[in-house]
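Shown here: model_35.cif, mmCIF, C-alpha atoms and all ligand atoms.
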data_input
loop_
_atom_site.group_PDB
_atom_site.id
_atom_site.type_symbol
_atom_site.label_atom_id
_atom_site.label_comp_id
_atom_site.auth_asym_id
_atom_site.auth_seq_id
_atom_site.Cartn_x
_atom_site.Cartn_y
_atom_site.Cartn_z
ATOM 1 C CA MET A 1 137.315 112.817 76.607
ATOM 2 C CA ASN A 2 139.622 114.531 74.134
ATOM 3 C CA ARG A 3 141.068 113.128 70.946
ATOM 4 C CA VAL A 4 144.474 111.433 71.274
ATOM 5 C CA TRP A 5 144.979 109.383 68.063
ATOM 6 C CA ASP A 6 144.104 110.754 64.631
ATOM 7 C CA ARG A 7 142.042 108.604 62.244
ATOM 8 C CA PHE A 8 145.010 107.998 59.940
ATOM 9 C CA LEU A 9 147.109 106.470 62.719
ATOM 10 C CA ARG A 10 144.173 104.312 63.828
ATOM 11 C CA SER A 11 143.502 103.138 60.246
ATOM 12 C CA TYR A 12 147.211 102.433 59.835
ATOM 13 C CA HIS A 13 147.267 100.337 63.011
ATOM 14 C CA TRP A 14 144.319 98.069 62.200
ATOM 15 C CA LEU A 15 145.223 97.738 58.519
ATOM 16 C CA GLN A 16 148.745 96.771 59.534
ATOM 17 C CA ALA A 17 147.406 94.176 62.005
ATOM 18 C CA LEU A 18 145.214 92.703 59.238
ATOM 19 C CA LEU A 19 148.098 92.554 56.756
ATOM 20 C CA PHE A 20 150.337 91.038 59.437
ATOM 21 C CA VAL A 21 147.881 88.152 59.922
ATOM 22 C CA LEU A 22 147.579 87.675 56.147
ATOM 23 C CA LEU A 23 151.383 87.634 55.783
ATOM 24 C CA CYS A 24 151.810 85.086 58.598
ATOM 25 C CA VAL A 25 149.084 82.823 57.222
ATOM 26 C CA SER A 26 150.374 82.923 53.615
ATOM 27 C CA GLY A 27 154.023 82.663 54.763
ATOM 28 C CA PHE A 28 153.518 79.675 57.074
ATOM 29 C CA ALA A 29 151.300 78.010 54.457
ATOM 30 C CA GLY A 30 154.443 77.889 52.294
ATOM 31 C CA ASP A 31 153.255 80.582 49.866
ATOM 32 C CA GLY A 32 155.919 83.191 50.676
ATOM 33 C CA GLN A 33 156.870 83.429 46.995
ATOM 34 C CA GLY A 34 153.202 83.775 45.987
ATOM 35 C CA LEU A 35 151.264 86.831 44.835
ATOM 36 C CA VAL A 36 149.164 87.256 48.008
ATOM 37 C CA HIS A 37 152.277 87.371 50.221
ATOM 38 C CA HIS A 38 153.918 89.811 47.817
ATOM 39 C CA ALA A 39 150.899 92.120 47.499
ATOM 40 C CA ALA A 40 150.441 92.186 51.295
ATOM 41 C CA GLY A 41 154.221 92.588 51.735
ATOM 42 C CA VAL A 42 154.396 95.638 49.471
ATOM 43 C CA ALA A 43 151.280 97.092 51.155
ATOM 44 C CA ILE A 44 152.728 96.686 54.664
ATOM 45 C CA ALA A 45 156.023 98.196 53.467
ATOM 46 C CA VAL A 46 154.145 101.297 52.261
ATOM 47 C CA LEU A 47 152.290 101.494 55.605
ATOM 48 C CA ALA A 48 155.465 101.107 57.680
ATOM 49 C CA LEU A 49 157.233 103.828 55.693
ATOM 50 C CA TRP A 50 154.183 106.068 56.035
ATOM 51 C CA ARG A 51 154.269 105.521 59.832
ATOM 52 C CA VAL A 52 157.929 106.544 59.973
ATOM 53 C CA LEU A 53 157.188 109.742 58.001
ATOM 54 C CA TRP A 54 154.111 110.380 60.191
ATOM 55 C CA GLY A 55 156.411 110.063 63.189
ATOM 56 C CA PHE A 56 158.272 113.161 61.975
ATOM 57 C CA ALA A 57 155.556 115.164 60.201
ATOM 58 C CA GLY A 58 152.271 113.820 61.585
ATOM 59 C CA SER A 59 149.915 114.809 64.387
ATOM 60 C CA ASP A 60 151.328 115.801 67.807
ATOM 61 C CA THR A 61 150.777 112.460 69.580
ATOM 62 C CA ALA A 62 152.067 110.404 66.610
ATOM 63 C CA ARG A 63 155.469 112.129 66.564
ATOM 64 C CA PHE A 64 158.482 110.202 67.846
ATOM 65 C CA SER A 65 159.600 113.370 69.620
ATOM 66 C CA HIS A 66 156.358 113.273 71.619
ATOM 67 C CA PHE A 67 156.577 109.718 72.907
ATOM 68 C CA LEU A 68 160.293 108.849 72.958
ATOM 69 C CA PRO A 69 160.731 108.597 76.749
ATOM 70 C CA ARG A 70 163.617 109.915 78.869
ATOM 71 C CA VAL A 71 165.497 107.231 80.788
ATOM 72 C CA SER A 72 164.321 108.752 84.070
ATOM 73 C CA THR A 73 160.653 108.708 82.969
ATOM 74 C CA LEU A 74 160.983 105.081 81.885
ATOM 75 C CA ARG A 75 162.661 104.106 85.177
ATOM 76 C CA HIS A 76 159.975 105.875 87.176
ATOM 77 C CA TYR A 77 157.247 104.119 85.172
ATOM 78 C CA LEU A 78 158.889 100.707 85.626
ATOM 79 C CA ARG A 79 159.214 101.283 89.381
ATOM 80 C CA THR A 80 155.802 102.751 90.108
ATOM 81 C CA GLY A 81 153.581 102.043 87.097
ATOM 82 C CA GLU A 82 152.664 105.738 87.151
ATOM 83 C CA TYR A 83 152.540 107.965 84.094
ATOM 84 C CA ARG A 84 150.713 111.264 84.052
ATOM 85 C CA GLY A 85 151.190 111.969 80.339
ATOM 86 C CA TYR A 86 148.950 110.946 77.444
ATOM 87 C CA GLY A 87 149.436 108.816 74.323
ATOM 88 C CA HIS A 88 151.838 105.876 74.638
ATOM 89 C CA ASN A 89 153.142 105.268 78.159
ATOM 90 C CA PRO A 90 156.991 105.058 78.352
ATOM 91 C CA LEU A 91 157.117 101.251 78.142
ATOM 92 C CA ALA A 92 154.552 101.104 75.334
ATOM 93 C CA ALA A 93 156.619 103.712 73.479
ATOM 94 C CA ILE A 94 159.737 101.508 73.608
ATOM 95 C CA MET A 95 157.660 98.520 72.492
ATOM 96 C CA VAL A 96 156.186 100.515 69.587
ATOM 97 C CA LEU A 97 159.673 101.493 68.383
ATOM 98 C CA LEU A 98 160.903 97.909 68.758
ATOM 99 C CA MET A 99 157.944 96.557 66.788
ATOM 100 C CA LEU A 100 158.423 99.115 64.040
ATOM 101 C CA ALA A 101 162.124 98.211 63.800
ATOM 102 C CA LEU A 102 161.298 94.474 63.676
ATOM 103 C CA LEU A 103 158.667 95.097 61.003
ATOM 104 C CA VAL A 104 161.168 97.020 58.878
ATOM 105 C CA LEU A 105 163.716 94.169 59.195
ATOM 106 C CA GLN A 106 161.057 91.557 58.367
ATOM 107 C CA ILE A 107 160.003 93.546 55.320
ATOM 108 C CA GLY A 108 163.607 94.195 54.231
ATOM 109 C CA THR A 109 164.644 90.545 54.402
ATOM 110 C CA GLY A 110 161.394 89.623 52.584
ATOM 111 C CA PHE A 111 162.287 91.870 49.651
ATOM 112 C CA PHE A 112 165.738 90.310 49.355
ATOM 113 C CA ALA A 113 164.318 86.764 49.666
ATOM 114 C CA SER A 114 161.763 87.340 46.912
ATOM 115 C CA GLU A 115 162.216 85.591 43.592
ATOM 116 C CA LEU A 116 159.705 87.965 41.999
ATOM 117 C CA ILE A 117 161.376 91.176 43.120
ATOM 118 C CA ASN A 118 165.026 90.621 43.849
ATOM 119 C CA MET A 119 166.910 89.843 40.667
ATOM 120 C CA SER A 120 170.045 91.688 41.660
ATOM 121 C CA THR A 121 171.868 89.655 44.276
ATOM 122 C CA THR A 122 173.294 86.141 44.269
ATOM 123 C CA VAL A 123 171.201 83.092 45.033
ATOM 124 C CA ALA A 124 173.338 82.564 48.150
ATOM 125 C CA PHE A 125 172.554 86.085 49.380
ATOM 126 C CA ALA A 126 168.833 85.598 48.715
ATOM 127 C CA ASP A 127 168.958 82.300 50.632
ATOM 128 C CA ARG A 128 170.554 84.056 53.582
ATOM 129 C CA ALA A 129 167.862 86.751 53.482
ATOM 130 C CA SER A 130 165.252 83.999 53.403
ATOM 131 C CA ASP A 131 166.834 82.333 56.476
ATOM 132 C CA TRP A 132 166.770 85.635 58.372
ATOM 133 C CA HIS A 133 163.168 86.249 57.259
ATOM 134 C CA ALA A 134 162.195 82.853 58.718
ATOM 135 C CA ARG A 135 164.150 83.461 61.966
ATOM 136 C CA LEU A 136 162.937 87.013 62.533
ATOM 137 C CA ILE A 137 159.297 86.041 62.348
ATOM 138 C CA GLY A 138 159.688 84.157 65.647
ATOM 139 C CA ILE A 139 160.899 87.329 67.400
ATOM 140 C CA LEU A 140 158.238 89.464 65.731
ATOM 141 C CA LEU A 141 155.499 87.026 66.740
ATOM 142 C CA ALA A 142 156.757 86.990 70.354
ATOM 143 C CA ALA A 143 156.810 90.817 70.418
ATOM 144 C CA THR A 144 153.318 90.971 68.877
ATOM 145 C CA GLY A 145 152.020 88.437 71.418
ATOM 146 C CA ALA A 146 153.448 90.529 74.280
ATOM 147 C CA HIS A 147 151.995 93.667 72.679
ATOM 148 C CA VAL A 148 148.483 92.249 72.389
ATOM 149 C CA LEU A 149 148.634 90.769 75.934
ATOM 150 C CA ALA A 150 149.783 94.118 77.367
ATOM 151 C CA ALA A 151 147.014 95.939 75.478
ATOM 152 C CA ILE A 152 144.358 93.536 76.800
ATOM 153 C CA THR A 153 145.740 93.792 80.376
ATOM 154 C CA HIS A 154 145.640 97.611 80.277
ATOM 155 C CA GLU A 155 142.158 97.536 78.769
ATOM 156 C CA LEU A 156 140.875 95.244 81.555
ATOM 157 C CA LYS A 157 142.555 97.433 84.210
ATOM 158 C CA GLY A 158 140.450 100.325 82.921
ATOM 159 C CA ASP A 159 143.056 102.267 80.901
ATOM 160 C CA ARG A 160 140.896 101.750 77.781
ATOM 161 C CA VAL A 161 143.902 101.699 75.431
ATOM 162 C CA ILE A 162 142.225 99.401 72.892
ATOM 163 C CA MET A 163 139.089 101.559 72.810
ATOM 164 C CA ALA A 164 141.351 104.604 72.341
ATOM 165 C CA MET A 165 142.939 102.893 69.292
ATOM 166 C CA LEU A 166 139.386 102.363 67.977
ATOM 167 C CA HIS A 167 137.599 105.672 68.641
ATOM 168 C CA GLY A 168 140.675 107.868 69.095
ATOM 169 C CA ARG A 169 139.839 109.457 72.486
ATOM 170 C CA GLN A 170 141.570 109.167 75.857
ATOM 171 C CA ALA A 171 140.562 110.536 79.272
ATOM 172 C CA LYS A 172 144.046 111.964 80.010
ATOM 173 C CA ALA A 173 144.480 113.783 76.670
ATOM 174 C CA PRO A 174 144.389 117.583 76.942
ATOM 175 C CA ALA A 175 142.359 119.802 74.624
ATOM 176 C CA GLY A 176 144.157 121.761 71.908
ATOM 177 C CA LEU A 177 146.464 119.084 70.485
ATOM 178 C CA CYS A 178 147.429 119.554 66.845
ATOM 179 C CA PHE A 179 146.088 116.939 64.397
ATOM 180 C CA GLN A 180 147.184 116.906 60.773
ATOM 181 C CA GLY A 181 144.623 116.671 57.994
ATOM 182 C CA VAL A 182 143.838 114.454 55.055
ATOM 183 C CA VAL A 183 146.023 116.311 52.521
ATOM 184 C CA ARG A 184 149.237 115.761 54.481
ATOM 185 C CA ALA A 185 148.331 112.141 55.332
ATOM 186 C CA PHE A 186 147.662 111.229 51.684
ATOM 187 C CA PHE A 187 150.645 113.185 50.396
ATOM 188 C CA LEU A 188 152.916 111.162 52.727
ATOM 189 C CA LEU A 189 151.124 107.968 51.658
ATOM 190 C CA ALA A 190 151.820 108.809 47.993
ATOM 191 C CA VAL A 191 155.482 109.530 48.834
ATOM 192 C CA SER A 192 155.722 106.165 50.655
ATOM 193 C CA LEU A 193 154.148 104.314 47.722
ATOM 194 C CA VAL A 194 156.524 105.894 45.198
ATOM 195 C CA LEU A 195 159.587 105.177 47.389
ATOM 196 C CA VAL A 196 158.606 101.503 47.885
ATOM 197 C CA LEU A 197 157.929 101.055 44.149
ATOM 198 C CA LEU A 198 161.312 102.649 43.383
ATOM 199 C CA LEU A 199 162.951 100.210 45.828
ATOM 200 C CA VAL A 200 161.188 97.273 44.180
ATOM 201 C CA SER A 201 162.265 98.338 40.713
ATOM 202 C CA ALA A 202 165.811 99.069 41.925
ATOM 203 C CA LEU A 203 166.066 95.570 43.400
ATOM 204 C CA GLY A 204 165.140 94.241 39.983
ATOM 205 C CA GLN A 205 167.894 96.162 38.268
ATOM 206 C CA LEU A 206 170.750 97.243 40.505
ATOM 207 C CA ASP A 207 174.003 95.382 40.619
ATOM 208 C CA PHE A 208 174.781 94.493 44.224
ATOM 209 C CA GLN A 209 177.749 92.318 43.212
ATOM 210 C CA ILE A 210 180.261 94.312 45.239
ATOM 211 C CA TRP A 211 178.691 93.806 48.644
ATOM 212 C CA SER A 212 177.174 90.391 48.032
ATOM 213 C CA ARG A 213 180.661 89.182 46.940
ATOM 214 C CA GLY A 214 179.705 86.665 44.308
ATOM 215 C CA THR A 215 178.225 86.211 40.877
ATOM 216 C CA TYR A 216 175.072 88.204 40.444
ATOM 217 C CA GLY A 217 171.699 87.585 38.810
ATOM 218 C CA ARG A 218 169.279 85.228 40.523
ATOM 219 C CA ALA A 219 169.522 82.762 37.604
ATOM 220 C CA GLU A 220 173.205 82.119 38.359
ATOM 221 C CA ALA A 221 174.073 79.829 41.243
HETATM 222 C C1 LIG B 1 144.162 92.388 68.082
HETATM 223 C C2 LIG B 1 145.415 92.727 68.034
HETATM 224 C C3 LIG B 1 145.952 94.058 68.506
HETATM 225 C C4 LIG B 1 145.537 94.874 69.516
HETATM 226 C C5 LIG B 1 144.372 94.681 70.468
HETATM 227 C C6 LIG B 1 146.420 96.012 69.529
HETATM 228 C C7 LIG B 1 146.321 97.093 70.381
HETATM 229 C C8 LIG B 1 147.098 98.215 70.339
HETATM 230 C C9 LIG B 1 146.949 99.348 71.207
HETATM 231 C C10 LIG B 1 145.927 99.468 72.324
HETATM 232 C C11 LIG B 1 147.881 100.260 70.873
HETATM 233 C C12 LIG B 1 148.126 101.612 71.560
HETATM 234 C C13 LIG B 1 149.088 101.396 72.675
HETATM 235 C C14 LIG B 1 149.138 102.566 73.618
HETATM 236 O O1 LIG B 1 148.086 103.105 73.958
HETATM 237 O O2 LIG B 1 150.234 102.966 74.008
HETATM 238 C C15 LIG B 1 148.649 99.714 69.775
HETATM 239 C C16 LIG B 1 149.689 100.343 69.136
HETATM 240 C C17 LIG B 1 150.476 99.742 68.176
HETATM 241 N N1 LIG B 1 150.348 98.462 67.683
HETATM 242 FE FE1 LIG B 1 148.877 97.169 68.130
HETATM 243 N N2 LIG B 1 147.373 95.857 68.558
HETATM 244 C C18 LIG B 1 147.128 94.679 67.906
HETATM 245 C C19 LIG B 1 147.839 94.136 66.869
HETATM 246 C C20 LIG B 1 149.012 94.667 66.375
HETATM 247 C C21 LIG B 1 149.823 94.036 65.377
HETATM 248 C C22 LIG B 1 149.539 92.672 64.716
HETATM 249 C C23 LIG B 1 150.863 94.869 65.135
HETATM 250 C C24 LIG B 1 152.019 94.681 64.200
HETATM 251 C C25 LIG B 1 152.668 93.599 64.053
HETATM 252 C C26 LIG B 1 150.694 96.028 65.982
HETATM 253 C C27 LIG B 1 151.552 97.096 66.035
HETATM 254 C C28 LIG B 1 151.337 98.246 66.752
HETATM 255 C C29 LIG B 1 152.137 99.437 66.625
HETATM 256 C C30 LIG B 1 153.342 99.640 65.700
HETATM 257 C C31 LIG B 1 151.559 100.378 67.492
HETATM 258 C C32 LIG B 1 152.000 101.821 67.686
HETATM 259 C C33 LIG B 1 150.968 102.698 67.056
HETATM 260 C C34 LIG B 1 151.610 103.977 66.604
HETATM 261 O O3 LIG B 1 151.978 104.833 67.386
HETATM 262 O O4 LIG B 1 151.777 104.052 65.390
HETATM 263 N N3 LIG B 1 149.561 95.867 66.739
HETATM 264 N N4 LIG B 1 148.150 98.455 69.486
HETATM 265 C C1 LIG B 2 155.714 92.033 58.318
HETATM 266 C C2 LIG B 2 155.862 91.538 57.130
HETATM 267 C C3 LIG B 2 156.037 90.087 56.819
HETATM 268 C C4 LIG B 2 155.735 88.962 57.543
HETATM 269 C C5 LIG B 2 155.097 88.903 58.904
HETATM 270 C C6 LIG B 2 156.131 87.823 56.756
HETATM 271 C C7 LIG B 2 155.996 86.500 57.144
HETATM 272 C C8 LIG B 2 156.520 85.420 56.479
HETATM 273 C C9 LIG B 2 156.528 84.062 56.952
HETATM 274 C C10 LIG B 2 155.923 83.600 58.277
HETATM 275 C C11 LIG B 2 157.161 83.292 56.045
HETATM 276 C C12 LIG B 2 157.445 81.795 56.135
HETATM 277 C C13 LIG B 2 158.773 81.612 56.836
HETATM 278 C C14 LIG B 2 159.097 80.153 57.077
HETATM 279 O O1 LIG B 2 159.192 79.433 56.082
HETATM 280 O O2 LIG B 2 159.252 79.754 58.245
HETATM 281 C C15 LIG B 2 157.538 84.150 54.950
HETATM 282 C C16 LIG B 2 158.200 83.737 53.814
HETATM 283 C C17 LIG B 2 158.483 84.578 52.754
HETATM 284 N N1 LIG B 2 158.230 85.940 52.672
HETATM 285 FE FE1 LIG B 2 157.444 87.089 54.117
HETATM 286 N N2 LIG B 2 156.666 88.261 55.580
HETATM 287 C C18 LIG B 2 156.625 89.631 55.573
HETATM 288 C C19 LIG B 2 157.044 90.479 54.587
HETATM 289 C C20 LIG B 2 157.493 90.070 53.347
HETATM 290 C C21 LIG B 2 157.802 90.943 52.247
HETATM 291 C C22 LIG B 2 157.681 92.465 52.259
HETATM 292 C C23 LIG B 2 158.208 90.163 51.221
HETATM 293 C C24 LIG B 2 158.617 90.575 49.840
HETATM 294 C C25 LIG B 2 157.895 91.388 49.127
HETATM 295 C C26 LIG B 2 158.197 88.786 51.690
HETATM 296 C C27 LIG B 2 158.603 87.685 50.964
HETATM 297 C C28 LIG B 2 158.676 86.403 51.449
HETATM 298 C C29 LIG B 2 159.253 85.302 50.712
HETATM 299 C C30 LIG B 2 159.862 85.379 49.330
HETATM 300 C C31 LIG B 2 159.143 84.160 51.530
HETATM 301 C C32 LIG B 2 159.583 82.742 51.189
HETATM 302 C C33 LIG B 2 161.031 82.574 51.522
HETATM 303 C C34 LIG B 2 161.538 81.250 50.981
HETATM 304 O O3 LIG B 2 160.773 80.267 51.020
HETATM 305 O O4 LIG B 2 162.672 81.244 50.528
HETATM 306 N N3 LIG B 2 157.741 88.769 52.984
HETATM 307 N N4 LIG B 2 157.153 85.441 55.248
#

Show me, as structure tokens, the structure contained in the file I just sent.
Ligand code: HEM
Ligand code: HEM
Amino acid sequence: MNRVWDRFLRSYHWLQALLFVLLCVSGFAGDGQGLVHHAAGVAIAVLALWRVLWGFAGSDTARFSHFLPRVSTLRHYLRTGEYRGYGHNPLAAIMVLLMLALLVLQIGTGFFASELINMSTTVAFADRASDWHARLIGILLAATGAHVLAAITHELKGDRVIMAMLHGRQAKAPAGLCFQGVVRAFFLLAVSLVLVLLLVSALGQLDFQIWSRGTYGRAEA
């Protein structure tokens, strides 16, 4: 069996799953404004940004251009269940993009709902972000449930997708794929960390009065 997922993508996936559980537990326990939720929230934001960058500059199979399916390929897969390629199948690819988009929205609304980070918008705007954060989690949990169920079903059918996410190899993968190394992975991780920290500090300072249409500063009602 040849390699299909690089070790950075696999580490990203399982670390993200762990942080997701931690965020759900701390959030539903009513500690969304607490330090654990914030630390895990910033960490998952860095990971999500890294995954987006890896989708453009990472290993062959991690690139969006590799797995974004054509409509005809998706239709054929939905009709027949057949896919001769490697990496994400066409339906899994759509699900991956959907989950990434939902994660970004969940993270974004979290930043705006935070009393520790967001000092720039009105209380009303932060409350709205908090409402969306609480609503979105239902959709994200449903998508994650479907994702895990689909993964288990494929695993039991013999596609070994979960094992591939663990050891990185897949029967259908051809030899000679290009995998990026540790320098690029950590450089993109450093870029993601700096960008998220800049966003956090900007949210503490910027004046969003124009588009939040109200008085600004979280202390003002
Ligand atoms: C025990 C729980 C989980 C299992 C067994 C699992 C399994 C998998 C598998 C097998 C794949 C590869 C799919 C394929 O071959 O096409 C995958 C990809 C993915 N999973 Fe999970 N997953 C779990 C939890 C999660 C959670 C909690 C999240 C986030 C909320 C998540 C987000 C993703 C994403 C974004 C990908 C795409 C990977 C990439 O290309 O970057 N997974 N997962
Ligand atoms: C995938 C990432 C995240 C998940 C799964 C998540 C999950 C949750 C959940 C389940 C809640 C409780 C919602 C409810 O009361 O029904 C919550 C609340 C909260 N989260 Fe997150 N969260 C995430 C990211 C973030 C981030 C990045 C931040 C900010 C750094 C954040 C800040 C907050 C805050 C401030 C609350 C409390 C809102 C309030 O009570 O007004 N979250 N989160």

Nearest candidate to Asp127 of chain A (options A:Val96, A:Leu203, A:Val196, A:Ala113; using all atoms listed in the file): A:Ala113

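If one restricts the calculation to all atoms listed in the file, the set of residues situated within 6 Å of ligand LIG 1 (chain B) consists of Leu9, His13, Ala17, Phe20, Ala62, Gly87, His88, Asn89, Ala92, Val96, Met99, Leu100, Thr144, Val148, Ala151, Val161, Ile162 and Met165 of chain A.
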
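Compared by their closest atoms to ligand LIG 2 (chain B), and using only C-alpha atoms and all ligand atoms, the residues A:Asp6, A:Glu115, A:Glu82, A:Asp60 rank with A:Glu115 nearest.
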
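In this comparison, which uses all atoms listed in the file, the residue of A:Tyr86, A:Phe125, A:Trp5, A:Phe112 approaching ligand LIG 2 (chain B) most closely is A:Phe112.
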
Please determine, counting all atoms listed in the file, which residue among A:Ala124, A:Leu177, A:Leu68, A:His154 has the shortest atom-to-atom distance to Gly81 of chain A. A:His154

Could you list, as JSON, numbers by chain, all protein and nucleic acid residues with an atom at most 7 Å from ligand LIG 2 (chain B), counting all atoms listed in the file? {"A": [20, 23, 24, 25, 27, 28, 30, 31, 32, 33, 37, 38, 41, 42, 44, 45, 103, 106, 107, 108, 110, 111, 113, 114, 115, 117, 127, 130, 133, 134, 137]}

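With all atoms listed in the file as the atoms that count, the residue of A:Val36, A:Leu199, A:Leu53, A:Leu98 with the shortest distance to His147 of chain A is A:Leu98.
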
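Going from atom CA of Leu97 of chain A over to atom CA of Arg7 of chain A, you cover 20.0 Å.
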
Can you list what the PyMOL selection byres (((chain A and resi 172) around 8) and not hetatm) grabs from this structure, as a count of residues only? 9

Skipping near chain neighbours, those fewer than 5 positions away, what residues fall within 12 Å of Ser201 of chain A using all atoms listed in the file, listed as JSON, numbers by chain? {"A": [111, 116, 117, 118, 119, 120, 194, 195, 196, 206]}

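Each of A:Leu136, A:Ala129, A:Thr121, A:Arg169 was checked against Gly204 of chain A using only C-alpha atoms; the smallest atom-to-atom distance is that of A:Thr121.
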
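Relative to atom CA of Tyr77 of chain A, atom CA of Pro90 of chain A is found at 6.9 Å.
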
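Between atom CA of Leu141 of chain A and atom CA of Ala43 of chain A the separation is 19.0 Å.
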